$ cat protein-v3.pdb   # PDB, C-alpha atoms
ATOM      1  CA  MET A 510    -128.403 109.165 -20.101
ATOM      2  CA  ARG A 511    -126.905 112.604 -20.280
ATOM      3  CA  ILE A 512    -123.857 111.432 -18.374
ATOM      4  CA  LEU A 513    -123.408 108.503 -20.742
ATOM      5  CA  LYS A 514    -123.711 110.826 -23.744
ATOM      6  CA  THR A 515    -121.112 113.135 -22.248
ATOM      7  CA  LEU A 516    -118.817 110.192 -21.565
ATOM      8  CA  ARG A 517    -119.187 108.958 -25.151
ATOM      9  CA  ARG A 518    -118.513 112.468 -26.493
ATOM     10  CA  VAL A 519    -115.368 112.750 -24.370
ATOM     11  CA  ASP A 520    -114.255 109.314 -25.598
ATOM     12  CA  GLU A 521    -114.749 110.446 -29.208
ATOM     13  CA  LEU A 522    -112.692 113.563 -28.565
ATOM     14  CA  ALA A 523    -109.942 111.479 -26.959
ATOM     15  CA  THR A 524    -109.891 109.100 -29.953
ATOM     16  CA  LYS A 525    -109.730 112.020 -32.384
ATOM     17  CA  ALA A 526    -106.876 113.611 -30.438
ATOM     18  CA  SER A 527    -104.973 110.309 -30.449
ATOM     19  CA  GLU A 528    -105.515 109.918 -34.203
ATOM     20  CA  ASP A 529    -104.350 113.505 -34.826
ATOM     21  CA  GLU A 530    -101.271 112.861 -32.715
ATOM     22  CA  ARG A 531    -100.471 109.676 -34.644
ATOM     23  CA  GLN A 532    -100.784 111.509 -37.981
ATOM     24  CA  GLU A 533     -98.581 114.382 -36.824
ATOM     25  CA  ARG A 534     -95.948 111.948 -35.492
ATOM     26  CA  GLU A 535     -95.920 110.122 -38.846
ATOM     27  CA  ARG A 536     -95.612 113.465 -40.649
ATOM     28  CA  ARG A 537     -92.723 114.445 -38.371
ATOM     29  CA  GLU A 538     -90.981 111.147 -39.060
ATOM     30  CA  ALA A 539     -91.293 111.651 -42.840
ATOM     31  CA  LEU A 540     -89.984 115.225 -42.534
ATOM     32  CA  MET A 541     -87.039 114.089 -40.422
ATOM     33  CA  ILE A 542     -86.146 111.473 -43.049
ATOM     34  CA  ARG A 543     -86.163 114.186 -45.738
ATOM     35  CA  LEU A 544     -84.100 116.489 -43.505
ATOM     36  CA  VAL A 545     -81.485 113.804 -42.813
ATOM     37  CA  LYS A 546     -81.330 113.008 -46.541
ATOM     38  CA  SER A 547     -80.688 116.677 -47.318
ATOM     39  CA  ARG A 548     -78.040 116.880 -44.580
ATOM     40  CA  ASN A 549     -76.305 113.780 -45.939
ATOM     41  CA  ASN A 550     -76.331 115.330 -49.425
ATOM     42  CA  ASN A 551     -74.642 118.420 -48.046
ATOM     43  CA  LEU A 552     -72.128 116.368 -46.083
ATOM     44  CA  LYS A 553     -71.301 114.493 -49.279
ATOM     45  CA  LEU A 554     -70.862 117.805 -51.104
ATOM     46  CA  PHE A 555     -68.685 119.131 -48.273
ATOM     47  CA  SER A 556     -66.585 115.980 -48.327
ATOM     48  CA  LEU A 557     -66.126 116.403 -52.101
ATOM     49  CA  LYS A 558     -65.052 119.989 -51.527
ATOM     50  CA  VAL A 559     -62.510 118.904 -48.919
ATOM     51  CA  LYS A 560     -61.202 116.233 -51.276
ATOM     52  CA  GLY A 561     -60.995 118.870 -54.032
ATOM     53  CA  ASP A 562     -59.065 121.197 -51.744
ATOM     54  CA  ASN A 563     -56.622 118.446 -50.878
ATOM     55  CA  PHE A 564     -56.265 117.618 -54.540
ATOM     56  CA  CYS A 565     -55.419 121.205 -55.393
TER
ATOM     57  CA  MET B 384    -143.744  99.199  15.471
ATOM     58  CA  GLU B 385    -144.500 101.735  12.731
ATOM     59  CA  LEU B 386    -141.651 104.014  13.634
ATOM     60  CA  PRO B 387    -138.800 101.608  12.915
ATOM     61  CA  VAL B 388    -140.295 100.712   9.465
ATOM     62  CA  GLU B 389    -140.546 104.382   8.509
ATOM     63  CA  GLN B 390    -137.033 104.922   9.707
ATOM     64  CA  LEU B 391    -135.908 101.900   7.737
ATOM     65  CA  ILE B 392    -137.521 103.248   4.574
ATOM     66  CA  ILE B 393    -136.021 106.669   5.147
ATOM     67  CA  GLY B 394    -132.679 105.029   5.808
ATOM     68  CA  ILE B 395    -132.909 103.002   2.573
ATOM     69  CA  PHE B 396    -133.746 106.162   0.561
ATOM     70  CA  ALA B 397    -130.903 107.969   2.243
ATOM     71  CA  LEU B 398    -128.530 105.168   1.366
ATOM     72  CA  PHE B 399    -129.817 105.086  -2.227
ATOM     73  CA  GLY B 400    -129.417 108.837  -2.484
ATOM     74  CA  ALA B 401    -125.884 108.642  -1.140
ATOM     75  CA  ALA B 402    -125.050 105.846  -3.602
ATOM     76  CA  VAL B 403    -126.403 107.858  -6.546
ATOM     77  CA  THR B 404    -124.518 110.948  -5.421
ATOM     78  CA  GLY B 405    -121.356 108.855  -5.072
ATOM     79  CA  ALA B 406    -121.805 107.395  -8.572
ATOM     80  CA  PHE B 407    -122.351 110.890 -10.016
ATOM     81  CA  SER B 408    -119.269 112.080  -8.234
ATOM     82  CA  VAL B 409    -117.210 109.201  -9.639
ATOM     83  CA  TYR B 410    -118.514 109.865 -13.178
ATOM     84  CA  ASN B 411    -117.843 113.552 -12.751
ATOM     85  CA  THR B 412    -114.249 112.918 -11.702
ATOM     86  CA  LYS B 413    -113.767 110.484 -14.582
ATOM     87  CA  ILE B 414    -115.124 112.957 -17.146
ATOM     88  CA  SER B 415    -113.047 115.820 -15.727
ATOM     89  CA  LYS B 416    -109.907 113.698 -15.826
ATOM     90  CA  LYS B 417    -110.563 112.588 -19.409
ATOM     91  CA  LEU B 418    -111.393 116.131 -20.501
ATOM     92  CA  ASN B 419    -108.139 117.369 -18.994
ATOM     93  CA  GLN B 420    -106.233 114.667 -20.870
ATOM     94  CA  VAL B 421    -107.993 115.567 -24.136
ATOM     95  CA  GLU B 422    -107.258 119.265 -23.634
ATOM     96  CA  LYS B 423    -103.595 118.511 -22.918
ATOM     97  CA  LYS B 424    -103.294 116.254 -25.945
ATOM     98  CA  THR B 425    -105.034 118.798 -28.212
ATOM     99  CA  ALA B 426    -102.612 121.493 -27.084
ATOM    100  CA  GLU B 427     -99.654 119.164 -27.706
ATOM    101  CA  ASN B 428    -101.032 118.308 -31.144
ATOM    102  CA  LYS B 429    -101.331 121.997 -32.003
ATOM    103  CA  THR B 430     -97.686 122.550 -31.068
ATOM    104  CA  LEU B 431     -96.680 119.475 -33.051
ATOM    105  CA  THR B 432     -98.623 120.707 -36.089
ATOM    106  CA  ILE B 433     -97.006 124.155 -35.946
ATOM    107  CA  GLU B 434     -93.544 122.620 -35.570
ATOM    108  CA  ASN B 435     -94.221 120.274 -38.485
ATOM    109  CA  ASP B 436     -95.422 123.172 -40.657
ATOM    110  CA  ILE B 437     -92.215 125.114 -39.961
ATOM    111  CA  LEU B 438     -90.086 122.021 -40.535
ATOM    112  CA  ASP B 439     -91.931 121.382 -43.783
ATOM    113  CA  GLN B 440     -91.039 124.871 -45.029
ATOM    114  CA  ILE B 441     -87.389 124.453 -44.003
ATOM    115  CA  VAL B 442     -87.071 121.002 -45.580
ATOM    116  CA  SER B 443     -88.703 122.207 -48.815
ATOM    117  CA  ALA B 444     -86.281 125.143 -48.996
ATOM    118  CA  LEU B 445     -83.321 122.842 -48.331
ATOM    119  CA  GLU B 446     -84.482 120.444 -51.028
ATOM    120  CA  ARG B 447     -84.838 123.310 -53.521
ATOM    121  CA  LYS B 448     -81.299 124.399 -52.599
ATOM    122  CA  ASP B 449     -80.012 120.837 -53.010
ATOM    123  CA  GLU B 450     -81.686 120.636 -56.395
ATOM    124  CA  ALA B 451     -80.068 123.919 -57.433
ATOM    125  CA  LEU B 452     -76.656 122.733 -56.252
ATOM    126  CA  ASP B 453     -77.129 119.466 -58.134
ATOM    127  CA  LYS B 454     -77.881 121.423 -61.317
ATOM    128  CA  ILE B 455     -74.783 123.561 -60.823
ATOM    129  CA  ALA B 456     -72.712 120.461 -60.134
ATOM    130  CA  GLU B 457     -74.027 118.925 -63.347
ATOM    131  CA  ILE B 458     -73.125 122.033 -65.358
ATOM    132  CA  LEU B 459     -69.671 122.192 -63.785
ATOM    133  CA  ASP B 460     -69.176 118.486 -64.397
ATOM    134  CA  ASN B 461     -70.023 118.958 -68.072
ATOM    135  CA  THR B 462     -67.729 121.953 -68.151
ATOM    136  CA  LEU B 463     -64.895 119.903 -66.727
ATOM    137  CA  ARG B 464     -65.512 117.169 -69.277
ATOM    138  CA  THR B 465     -65.663 119.465 -72.297
ATOM    139  CA  GLN B 466     -63.199 122.032 -70.882
ATOM    140  CA  THR B 467     -65.536 124.841 -71.913
ATOM    141  CA  LEU B 468     -67.849 127.129 -70.064
ATOM    142  CA  THR B 469     -70.261 128.893 -72.389
ATOM    143  CA  SER B 470     -71.829 132.185 -71.482
ATOM    144  CA  GLN B 471     -75.198 130.436 -71.509
ATOM    145  CA  GLN B 472     -74.022 127.959 -68.869
ATOM    146  CA  LEU B 473     -72.533 130.766 -66.839
ATOM    147  CA  LYS B 474     -75.792 132.675 -67.093
ATOM    148  CA  SER B 475     -77.649 129.566 -66.012
ATOM    149  CA  ILE B 476     -75.439 129.148 -62.945
ATOM    150  CA  GLN B 477     -75.849 132.812 -62.173
ATOM    151  CA  LEU B 478     -79.634 132.583 -62.367
ATOM    152  CA  ILE B 479     -79.732 129.519 -60.139
ATOM    153  CA  LEU B 480     -77.482 131.139 -57.590
ATOM    154  CA  GLU B 481     -79.427 134.389 -57.691
ATOM    155  CA  ASN B 482     -82.634 132.520 -57.094
ATOM    156  CA  ARG B 483     -81.397 130.114 -54.477
ATOM    157  CA  CYS B 484     -78.201 131.233 -52.806
ATOM    158  CA  GLN B 485     -77.684 134.925 -53.659
ATOM    159  CA  ALA B 486     -73.999 134.151 -54.130
ATOM    160  CA  LEU B 487     -73.105 136.426 -57.012
ATOM    161  CA  GLU B 488     -69.547 136.567 -55.717
ATOM    162  CA  VAL B 489     -69.108 132.952 -56.760
ATOM    163  CA  VAL B 490     -70.221 133.765 -60.282
ATOM    164  CA  LYS B 491     -67.918 136.759 -60.411
ATOM    165  CA  ALA B 492     -65.050 134.575 -59.237
ATOM    166  CA  LEU B 493     -65.928 132.033 -61.916
ATOM    167  CA  GLN B 494     -65.978 134.744 -64.591
ATOM    168  CA  SER B 495     -62.639 136.047 -63.388
ATOM    169  CA  LEU B 496     -61.276 132.503 -63.391
ATOM    170  CA  MET B 497     -62.437 132.032 -66.970
ATOM    171  CA  GLU B 498     -60.762 135.285 -68.024
ATOM    172  CA  SER B 499     -57.508 134.210 -66.358
ATOM    173  CA  LYS B 500     -57.791 130.826 -68.034
ATOM    174  CA  LYS B 501     -58.234 132.446 -71.466
ATOM    175  CA  LEU B 502     -55.205 134.628 -70.899
ATOM    176  CA  GLN B 503     -53.183 131.676 -69.650
ATOM    177  CA  THR B 504     -54.117 129.672 -72.755
ATOM    178  CA  LYS B 505     -52.942 132.504 -74.989
ATOM    179  CA  LEU B 506     -49.682 132.772 -73.063
ATOM    180  CA  ASP B 507     -49.183 129.017 -73.323
ATOM    181  CA  ILE B 508     -49.643 129.237 -77.101
ATOM    182  CA  ILE B 509     -47.103 132.042 -77.287
ATOM    183  CA  LYS B 510     -44.528 129.821 -75.587
ATOM    184  CA  ASP B 511     -45.011 126.947 -78.026
ATOM    185  CA  GLU B 512     -45.952 128.474 -81.390
ATOM    186  CA  PRO B 513     -43.651 129.934 -84.091
ATOM    187  CA  SER B 514     -43.059 133.670 -84.214
ATOM    188  CA  HIS B 515     -45.644 134.638 -86.895
ATOM    189  CA  GLU B 516     -48.372 132.906 -84.814
ATOM    190  CA  VAL B 517     -47.158 134.793 -81.753
ATOM    191  CA  LYS B 518     -47.446 138.074 -83.623
ATOM    192  CA  GLU B 519     -51.052 137.316 -84.542
ATOM    193  CA  ILE B 520     -51.951 136.443 -80.974
ATOM    194  CA  LEU B 521     -50.245 139.520 -79.631
ATOM    195  CA  ASP B 522     -52.112 141.656 -82.150
ATOM    196  CA  GLU B 523     -55.318 140.018 -81.043
ATOM    197  CA  ILE B 524     -54.585 140.752 -77.381
ATOM    198  CA  VAL B 525     -53.686 144.366 -78.180
ATOM    199  CA  GLU B 526     -56.884 144.760 -80.166
ATOM    200  CA  SER B 527     -59.026 143.332 -77.421
ATOM    201  CA  LEU B 528     -57.310 145.545 -74.847
ATOM    202  CA  SER B 529     -57.823 148.639 -76.948
ATOM    203  CA  CYS B 530     -61.480 147.714 -77.394
ATOM    204  CA  ASP B 531     -61.826 147.316 -73.641
ATOM    205  CA  ASN B 532     -60.298 150.718 -73.048
ATOM    206  CA  ASN B 533     -62.270 152.442 -75.762
ATOM    207  CA  PRO B 534     -66.013 151.810 -75.536
ATOM    208  CA  GLU B 535     -66.671 153.454 -78.943
ATOM    209  CA  LYS B 536     -64.747 150.705 -80.746
ATOM    210  CA  ARG B 537     -66.930 147.964 -79.255
TER
END
$ encode --input "protein-v3.pdb" --output "structure tokens"
Amino acid sequence: MRILKTLRRVDELATKASEDERQERERREALMIRLVKSRNNNLKLFSLKVKGDNFC
Amino acid sequence: MELPVEQLIIGIFALFGAAVTGAFSVYNTKISKKLNQVEKKTAENKTLTIENDILDQIVSALERKDEALDKIAEILDNTLRTQTLTSQQLKSIQLILENRCQALEVVKALQSLMESKKLQTKLDIIKDEPSHEVKEILDEIVESLSCDNNPEKR
């Protein structure tokens, strides 16, 4: 019985760790999307600056 | 005849005992393996969480900077449209830059640019306007210069 309890407890811990990992991966994905969006904004700004320089 | 039966019973118990020990050993190995995996995954998750926290701070800062730059771009766009840059707008740009980029040099350059532009406008008027207008403008420039040089007149 004790062994079974221990096994079940370990299984619960493994499930929790997997769930935590999934959440963190999703969070990372969302952050990376925001980061890429910000980078693209800056690239756009830089491209405008270059165009402005050429114009001048 | 009794001896072999006893031995048989002992043998059966011994076999049973060995089987139980084997099963325990298998369970033990299984639990140890799973525990190791859980420990490894927990450590990885901790690292992932810390990295995400840092990334979150960086992304938030970048977004605040983007927002500030967008505001400045909007002000400059309006300025270009109306061909004016009020001191309030300049102050606003300065505040945004102070808060977000610490680029006071840009503001100073903008101020200097505005001063040059004002002077250029006055010079352009001098070229085109009749002489009495020119005299007025020149008087104005002289007055402003004398005010600049003499703080008491301000």
$ interface_residues --input "protein-v3.pdb" --of "chain B" --to "chain A" --cutoff "7 Å" --atoms "all atoms listed in the file" --output "list of chain:residue names"
B:Ile414, B:Lys417, B:Leu418, B:Val421, B:Lys424, B:Thr425, B:Asn428, B:Leu431, B:Thr432, B:Asn435, B:Asp439, B:Val442, B:Leu445, B:Glu446
$ atom_distance --input "protein-v3.pdb" --atom1 "CA of Ile479 (chain B)" --atom2 "CA of Ile458 (chain B)"
11.3 Å
$ closest_residue --input "protein-v3.pdb" --among "B:Phe407, B:Ala401, B:Glu427, B:Gln390" --to "Met510 (chain A)" --atoms "only C-alpha atoms"
B:Phe407
$ atom_distance --input "protein-v3.pdb" --atom1 "CA of Ala402 (chain B)" --atom2 "CA of Val388 (chain B)"
20.7 Å
$ atom_distance --input "protein-v3.pdb" --atom1 "CA of Leu473 (chain B)" --atom2 "CA of Gln440 (chain B)"
29.2 Å
$ residues_around --input "protein-v3.pdb" --residues "Lys454 (chain B)" --least-positions-apart "4" --cutoff "10 Å" --atoms "all atoms listed in the file" --output "ChimeraX atom specification"
/B:448-450,458-460,475-476,479
